[in-house]
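Undergrad: Below is the structure I would like to discuss, written out as structure tokens.
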Amino acid sequence: MMQHLIALPIVLPLVAGILLLYSRQGETRLKRLVGVFATLLLVVVGIGLVARAAGGEVTYYALGDWQPPFGIVLVLDRLSALMVLLTAVLALGAVVFACAGDDEQGSNFHGLFQWQLMGINGAFLTGDLFNLFVFFEVLLLASYALLLHGGGKARIQAGVHYVVLNLAGSSLFLIAVGVLYGATGTLNMADMAVRLAELPAERAGLVSAGALMLLVVFGLKAAILPLYFWLPRAYAAAPAPVAALFAIMTKVGIYAILRVYSLIFGEQAGPLAALEQPWVWWLSLATLAAAGVGVLAARDLRLLVAYLVLVSVGTLLAGIGMRSPEATAALLYYLVHTTLVTGGLFLLAELIGLQRGKAGTRLVRGRPLRQGGWLAGLFFLGAVAVAGLPPLSGAIGKALVLQAADAGQRLWLWPILLATGLFTLIALSRAGSTLFWRSRGEPGGEPLSRRRWFGVAWLLGASPLLVVLAGPVSDYTRATADQLARPAILIDSLLSTAGDAP
């Protein structure tokens, strides 16, 4: 059974999604039970994968027993295991929250939710460049429908922009894959890395073009400036549990940049090594600066949280742009923190909006909240964490990123990142005072269900937990960074022992 564990993060949501879509007109309680149970199992599987990868061994699963580089493979290392577990933890909070009533706005919610998990997990586990494209399409198709879940003018408008831009990105992705396949003769990422080391000089320009096209595609998925303008409105318009799950979507783009450019275009690629570094570094700083302005300008809590996602994207990209094991370890710790906290803030914004009546999540004076004390406490926890203030995990993550910069990089990163943190603190302070102090009239809204409270507490509670477990988590991310810095480990595991794989 353990040899098939690598495939379970894809097979489990695939089967659950088929069952849920087949019985979409069935009893709501049963669909909720299947959706939550499948996601909970995914958390257990994610823990098992992290435990298996923690020793440093890279393992793979050859689908149909077709060995690499000819067959489709799923690859498990420290990074892919971490991302699968992070996705499952985020999804569990979102799906339990949705079971309080958001899932009833459409009959296909739980099935589509599971299929999006399948696409996300497949993107993290695949060792094949074309199948990375395939899993991107799976997760995007599910996200198109989830974004429109419940309907409404704002969602349709945001959905049209989201679909059009991502279709353009998918077309460019396919062209880039074709270019790289034509130049190297392979789609297996490990095999492509080996062939690039022996690439004839006349093909170097073609490969460079394909690599930079991939960077544009991954930049669109990650929402890098100037490719991020679709994100704030789309995330703000999405249903709360969908927006929470979307917190991992930009990280798929971050993961793809980290994986492709450390494995295929690593040091062994010679003159093609580190093609992305100058682009990613300067665009990360620009993304950070623009997102900080967006945070200050936001006049809706959902929109504010969406811009906070962009702040995290800029910070993570800066870690990639520094291109060192220390920076990679720092960005991975920060990635876990920001994904869970921003996901929790999307859910919290929904709770606040439910009790403010017509004011909703707009940052205007509204009526008092019926459960304002608890909501204010959670908002304070989330604000301190996402702004990077001690003693929560945001402070640790940002400190690690700042410390990883060398002398030349600090001249740019430190003032921009610290200024963006100040902008975030100002914006959240203003939002909190408006939401909880500037109120009038009688308290409104119905008492919130336990499922909604669980979803928010599950995700925001990760921040203090990451502080308690800062030592083990940092050790894991540091070991992951060291493994990524040595792509030969993965290449040898896939290509030298292919005949011994299960």
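Labeling convention for the structure tokens: chains A, B, ... as they appear, residues from 1 per chain, ligands from 1 in order of appearance.
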Can you list, as a PDB file with N, CA and C atoms, in the first residue's frame, every protein, DNA or RNA residue that comes within 8 Å of region 104-115 of chain A when you count only C-alpha atoms, leaving out same-chain residues fewer than 3 positions away?
TA:
```pdb
ATOM      1  N   PRO A  13      -9.145  12.654  -4.404  1.00  0.00           N
ATOM      2  CA  PRO A  13     -10.114  13.680  -4.815  1.00  0.00           C
ATOM      3  C   PRO A  13     -10.755  13.397  -6.163  1.00  0.00           C
ATOM      4  N   LEU A  14     -10.066  12.654  -7.041  1.00  0.00           N
ATOM      5  CA  LEU A  14     -10.681  12.286  -8.317  1.00  0.00           C
ATOM      6  C   LEU A  14     -11.906  11.401  -8.087  1.00  0.00           C
ATOM      7  N   ALA A  16     -13.572  10.928  -5.226  1.00  0.00           N
ATOM      8  CA  ALA A  16     -14.576  11.659  -4.440  1.00  0.00           C
ATOM      9  C   ALA A  16     -15.333  12.644  -5.324  1.00  0.00           C
ATOM     10  N   GLY A  17     -14.633  13.324  -6.226  1.00  0.00           N
ATOM     11  CA  GLY A  17     -15.288  14.274  -7.115  1.00  0.00           C
ATOM     12  C   GLY A  17     -16.266  13.604  -8.045  1.00  0.00           C
ATOM     13  N   ILE A  18     -15.907  12.429  -8.580  1.00  0.00           N
ATOM     14  CA  ILE A  18     -16.824  11.690  -9.457  1.00  0.00           C
ATOM     15  C   ILE A  18     -18.082  11.290  -8.703  1.00  0.00           C
ATOM     16  N   LEU A  19     -17.924  10.766  -7.491  1.00  0.00           N
ATOM     17  CA  LEU A  19     -19.081  10.363  -6.688  1.00  0.00           C
ATOM     18  C   LEU A  19     -19.970  11.555  -6.371  1.00  0.00           C
ATOM     19  N   LEU A  20     -19.362  12.683  -6.037  1.00  0.00           N
ATOM     20  CA  LEU A  20     -20.139  13.861  -5.649  1.00  0.00           C
ATOM     21  C   LEU A  20     -20.854  14.479  -6.841  1.00  0.00           C
ATOM     22  N   LEU A  21     -20.219  14.500  -7.998  1.00  0.00           N
ATOM     23  CA  LEU A  21     -20.877  15.055  -9.185  1.00  0.00           C
ATOM     24  C   LEU A  21     -21.962  14.118  -9.714  1.00  0.00           C
ATOM     25  N   ARG A  24     -25.068  14.767  -7.543  1.00  0.00           N
ATOM     26  CA  ARG A  24     -25.163  16.196  -7.238  1.00  0.00           C
ATOM     27  C   ARG A  24     -26.562  16.625  -6.805  1.00  0.00           C
ATOM     28  N   GLN A  25     -27.566  15.865  -7.182  1.00  0.00           N
ATOM     29  CA  GLN A  25     -28.931  16.191  -6.746  1.00  0.00           C
ATOM     30  C   GLN A  25     -29.327  15.426  -5.483  1.00  0.00           C
ATOM     31  N   THR A  28     -27.960  16.803   0.748  1.00  0.00           N
ATOM     32  CA  THR A  28     -26.857  17.727   1.061  1.00  0.00           C
ATOM     33  C   THR A  28     -25.973  17.175   2.171  1.00  0.00           C
ATOM     34  N   LYS A  31     -23.493  14.655   0.813  1.00  0.00           N
ATOM     35  CA  LYS A  31     -22.426  15.290   0.033  1.00  0.00           C
ATOM     36  C   LYS A  31     -21.420  15.969   0.945  1.00  0.00           C
ATOM     37  N   ARG A  32     -21.907  16.613   1.983  1.00  0.00           N
ATOM     38  CA  ARG A  32     -20.993  17.248   2.935  1.00  0.00           C
ATOM     39  C   ARG A  32     -20.120  16.216   3.632  1.00  0.00           C
ATOM     40  N   GLY A  35     -17.464  15.032   1.170  1.00  0.00           N
ATOM     41  CA  GLY A  35     -16.484  16.077   0.915  1.00  0.00           C
ATOM     42  C   GLY A  35     -15.529  16.293   2.073  1.00  0.00           C
ATOM     43  N   THR A  39     -11.470  15.144   2.293  1.00  0.00           N
ATOM     44  CA  THR A  39     -10.447  16.160   2.576  1.00  0.00           C
ATOM     45  C   THR A  39      -9.661  15.808   3.831  1.00  0.00           C
ATOM     46  N   GLY A 101     -23.435  26.422   4.769  1.00  0.00           N
ATOM     47  CA  GLY A 101     -24.474  26.964   3.889  1.00  0.00           C
ATOM     48  C   GLY A 101     -23.982  27.467   2.558  1.00  0.00           C
ATOM     49  N   MET A 118      -7.568  17.871  -6.813  1.00  0.00           N
ATOM     50  CA  MET A 118      -6.847  16.922  -7.667  1.00  0.00           C
ATOM     51  C   MET A 118      -5.872  17.654  -8.589  1.00  0.00           C
ATOM     52  N   GLY A 119      -6.327  18.735  -9.223  1.00  0.00           N
ATOM     53  CA  GLY A 119      -5.453  19.480 -10.111  1.00  0.00           C
ATOM     54  C   GLY A 119      -4.280  20.113  -9.386  1.00  0.00           C
ATOM     55  N   VAL A 138      -6.744  21.244 -15.318  1.00  0.00           N
ATOM     56  CA  VAL A 138      -7.745  20.639 -14.433  1.00  0.00           C
ATOM     57  C   VAL A 138      -8.118  21.592 -13.301  1.00  0.00           C
ATOM     58  N   LEU A 139      -7.118  22.148 -12.634  1.00  0.00           N
ATOM     59  CA  LEU A 139      -7.418  23.035 -11.516  1.00  0.00           C
ATOM     60  C   LEU A 139      -8.068  24.327 -12.000  1.00  0.00           C
ATOM     61  N   ALA A 142     -11.875  23.672 -12.839  1.00  0.00           N
ATOM     62  CA  ALA A 142     -12.665  23.626 -11.605  1.00  0.00           C
ATOM     63  C   ALA A 142     -12.799  25.010 -10.986  1.00  0.00           C
ATOM     64  N   SER A 143     -11.723  25.797 -11.052  1.00  0.00           N
ATOM     65  CA  SER A 143     -11.766  27.131 -10.435  1.00  0.00           C
ATOM     66  C   SER A 143     -12.696  28.069 -11.190  1.00  0.00           C
ATOM     67  N   ALA A 145     -15.596  27.309 -12.510  1.00  0.00           N
ATOM     68  CA  ALA A 145     -16.952  27.049 -12.012  1.00  0.00           C
ATOM     69  C   ALA A 145     -17.099  27.471 -10.558  1.00  0.00           C
ATOM     70  N   LEU A 146     -16.073  27.231  -9.738  1.00  0.00           N
ATOM     71  CA  LEU A 146     -16.160  27.605  -8.328  1.00  0.00           C
ATOM     72  C   LEU A 146     -16.222  29.117  -8.154  1.00  0.00           C
ATOM     73  N   HIS A 149     -19.714  30.179  -8.514  1.00  0.00           N
ATOM     74  CA  HIS A 149     -20.644  29.493  -7.619  1.00  0.00           C
ATOM     75  C   HIS A 149     -21.544  30.506  -6.913  1.00  0.00           C
ATOM     76  N   GLY A 150     -22.832  30.348  -7.080  1.00  0.00           N
ATOM     77  CA  GLY A 150     -23.792  31.262  -6.469  1.00  0.00           C
ATOM     78  C   GLY A 150     -24.204  32.406  -7.370  1.00  0.00           C
TER      79      GLY A 150
END
```
Undergrad: Hey, what's within 12 Å of Lys251 (chain A) if we count only C-alpha atoms and toss same-chain stuff fewer than 3 positions away? As number ranges by chain, please?
TA: A: 83-84, 86-87, 120-121, 123-124, 218-224, 245-248, 254-259, 309-310, 312-317, 331-332, 334-340
Undergrad: What lies within 10 Å of Ala286 (chain A) using only C-alpha atoms, ignoring chain neighbours under 5 positions off, as an MDAnalysis selection string?
TA: chainID A and resid 224:226 280:281 291:292 314 416
Undergrad: Write out as a list in words which residues come within 12 Å of Ala395 (chain A) when counting only C-alpha atoms, dropping same-chain ones fewer than 4 positions away.
TA: Ala330, Tyr333, Tyr334, His337, Thr338, Ala383, Val384, Ala385, Val386, Ala387, Gly388, Leu389, Pro390, Pro391, Ala399, Leu400, Val401, Leu402, Gln403, Leu418, Gly421, Ser463, Pro464, Leu466, Val467 and Ala470 of chain A
Undergrad: DSSP says alpha helix (DSSP H) for which residues of region 13-238 of chain A? Put them as a PyMOL selection string?
TA: chain A and resi 13-22+28-53+78-98+109-125+129-147+153-184+189-197+204-222+231-237
Undergrad: Leaving out Ile426 (chain A) and any residue of its chain fewer than 3 positions from it, which residues lie within 12 Å of it when counting only C-alpha atoms, given as a list in words?
TA: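 Final neighbour list, sorted by chain and number: Gly292, Val293, Val295, Leu296, Ala297, Ala298, Leu304, Ala383, Val384, Ala387, Ala419, Thr420, Gly421, Leu422, Phe423, Ser429, Arg430, Ala431, Gly432 and Ser433 of chain A.
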Undergrad: At a cut-off of 7 Å, using only C-alpha atoms, what residues contact region 96-98 of chain A? Leave out same-chain residues fewer than 2 positions from it and give the result as a PDB file with N, CA and C atoms, in the first residue's frame.
TA:
```pdb
ATOM      1  N   VAL A  36     -16.063  16.363   3.281  1.00  0.00           N
ATOM      2  CA  VAL A  36     -15.221  16.583   4.456  1.00  0.00           C
ATOM      3  C   VAL A  36     -14.351  15.365   4.734  1.00  0.00           C
ATOM      4  N   LEU A  92      -9.264  21.703   4.220  1.00  0.00           N
ATOM      5  CA  LEU A  92     -10.128  21.223   5.284  1.00  0.00           C
ATOM      6  C   LEU A  92     -10.856  22.373   5.964  1.00  0.00           C
ATOM      7  N   GLY A  93     -10.143  23.457   6.268  1.00  0.00           N
ATOM      8  CA  GLY A  93     -10.801  24.618   6.857  1.00  0.00           C
ATOM      9  C   GLY A  93     -11.846  25.211   5.928  1.00  0.00           C
ATOM     10  N   ALA A  94     -11.532  25.272   4.624  1.00  0.00           N
ATOM     11  CA  ALA A  94     -12.463  25.865   3.665  1.00  0.00           C
ATOM     12  C   ALA A  94     -13.706  25.016   3.478  1.00  0.00           C
ATOM     13  N   ALA A 100     -21.502  25.185   6.181  1.00  0.00           N
ATOM     14  CA  ALA A 100     -22.461  25.972   6.964  1.00  0.00           C
ATOM     15  C   ALA A 100     -23.532  26.605   6.084  1.00  0.00           C
ATOM     16  N   GLY A 101     -23.435  26.422   4.769  1.00  0.00           N
ATOM     17  CA  GLY A 101     -24.474  26.964   3.889  1.00  0.00           C
ATOM     18  C   GLY A 101     -23.982  27.467   2.558  1.00  0.00           C
ATOM     19  N   ASP A 102     -22.705  27.816   2.448  1.00  0.00           N
ATOM     20  CA  ASP A 102     -22.186  28.302   1.171  1.00  0.00           C
ATOM     21  C   ASP A 102     -22.264  27.251   0.072  1.00  0.00           C
ATOM     22  N   ASP A 103     -22.166  25.984   0.438  1.00  0.00           N
ATOM     23  CA  ASP A 103     -22.201  24.924  -0.572  1.00  0.00           C
ATOM     24  C   ASP A 103     -23.588  24.738  -1.174  1.00  0.00           C
ATOM     25  N   PRO A 241     -15.319  30.387   0.979  1.00  0.00           N
ATOM     26  CA  PRO A 241     -14.494  29.175   1.014  1.00  0.00           C
ATOM     27  C   PRO A 241     -13.692  28.968  -0.266  1.00  0.00           C
ATOM     28  N   ARG A 451     -19.457  25.530  12.433  1.00  0.00           N
ATOM     29  CA  ARG A 451     -18.645  25.165  11.276  1.00  0.00           C
ATOM     30  C   ARG A 451     -17.876  26.365  10.752  1.00  0.00           C
ATOM     31  N   ARG A 452     -18.517  27.526  10.738  1.00  0.00           N
ATOM     32  CA  ARG A 452     -17.826  28.732  10.286  1.00  0.00           C
ATOM     33  C   ARG A 452     -16.706  29.111  11.259  1.00  0.00           C
ATOM     34  N   GLY A 455     -13.716  26.771  10.720  1.00  0.00           N
ATOM     35  CA  GLY A 455     -12.914  27.057   9.545  1.00  0.00           C
ATOM     36  C   GLY A 455     -11.943  28.207   9.771  1.00  0.00           C
TER      37      GLY A 455
END
```
Undergrad: Hey, what's within 12 Å of Gly471 (chain A) if we count only C-alpha atoms and toss same-chain stuff fewer than 5 positions away? As a list in words, please?
TA: Tyr333, Ser393, Ile396, Leu465, Leu466, Tyr476, Thr477 and Arg478 of chain A
Undergrad: Could I get the residues of region 223-267 of chain A with an atom no further than 12 Å from an atom of region 195-207 of chain A, each paired with its nearest atom pair and that distance in Å to one decimal, using only C-alpha atoms, sorted by chain and residue number, as JSON lines?
TA:
```
{"residue": "A:Leu263", "atom": "CA", "partner": "A:Leu196", "partner_atom": "CA", "distance": 10.9}
{"residue": "A:Ile264", "atom": "CA", "partner": "A:Leu196", "partner_atom": "CA", "distance": 7.7}
{"residue": "A:Phe265", "atom": "CA", "partner": "A:Leu196", "partner_atom": "CA", "distance": 8.1}
{"residue": "A:Gly266", "atom": "CA", "partner": "A:Ala197", "partner_atom": "CA", "distance": 9.9}
{"residue": "A:Glu267", "atom": "CA", "partner": "A:Ala197", "partner_atom": "CA", "distance": 9.3}
```
Undergrad: Next, write the just-selected residues to a file, as a JSON list (two decimals), in the first residue's frame, keeping all heavy atoms as the atom set.
TA:
```
[["chain", "number", "residue", "atom", "x", "y", "z"],
["A", 263, "LEU", "N", 15.40, 22.89, -11.16],
["A", 263, "LEU", "CA", 15.69, 21.55, -11.68],
["A", 263, "LEU", "C", 16.19, 21.61, -13.12],
["A", 263, "LEU", "O", 17.31, 21.19, -13.43],
["A", 263, "LEU", "CB", 14.43, 20.69, -11.58],
["A", 263, "LEU", "CG", 14.52, 19.29, -12.19],
["A", 263, "LEU", "CD1", 15.65, 18.49, -11.55],
["A", 263, "LEU", "CD2", 13.18, 18.56, -12.05],
["A", 264, "ILE", "N", 15.37, 22.14, -14.02],
["A", 264, "ILE", "CA", 15.73, 22.14, -15.44],
["A", 264, "ILE", "C", 16.83, 23.16, -15.74],
["A", 264, "ILE", "O", 17.77, 22.89, -16.48],
["A", 264, "ILE", "CB", 14.48, 22.42, -16.30],
["A", 264, "ILE", "CG1", 13.42, 21.34, -16.05],
["A", 264, "ILE", "CG2", 14.86, 22.46, -17.78],
["A", 264, "ILE", "CD1", 12.13, 21.57, -16.82],
["A", 265, "PHE", "N", 16.68, 24.36, -15.17],
["A", 265, "PHE", "CA", 17.62, 25.44, -15.46],
["A", 265, "PHE", "C", 18.50, 25.73, -14.25],
["A", 265, "PHE", "O", 18.77, 26.88, -13.92],
["A", 265, "PHE", "CB", 16.86, 26.69, -15.91],
["A", 265, "PHE", "CG", 16.03, 26.46, -17.15],
["A", 265, "PHE", "CD1", 14.66, 26.22, -17.04],
["A", 265, "PHE", "CD2", 16.62, 26.43, -18.39],
["A", 265, "PHE", "CE1", 13.90, 25.99, -18.17],
["A", 265, "PHE", "CE2", 15.86, 26.21, -19.53],
["A", 265, "PHE", "CZ", 14.50, 25.98, -19.43],
["A", 266, "GLY", "N", 18.94, 24.65, -13.60],
["A", 266, "GLY", "CA", 19.87, 24.79, -12.48],
["A", 266, "GLY", "C", 21.30, 24.97, -12.97],
["A", 266, "GLY", "O", 21.56, 25.25, -14.15],
["A", 267, "GLU", "N", 22.24, 24.77, -12.07],
["A", 267, "GLU", "CA", 23.66, 25.01, -12.40],
["A", 267, "GLU", "C", 24.16, 24.12, -13.52],
["A", 267, "GLU", "O", 25.04, 24.52, -14.29],
["A", 267, "GLU", "CB", 24.50, 24.80, -11.15],
["A", 267, "GLU", "CG", 24.26, 25.84, -10.05],
["A", 267, "GLU", "CD", 25.14, 25.61, -8.84],
["A", 267, "GLU", "OE1", 25.92, 24.62, -8.88],
["A", 267, "GLU", "OE2", 25.05, 26.38, -7.88]]
```
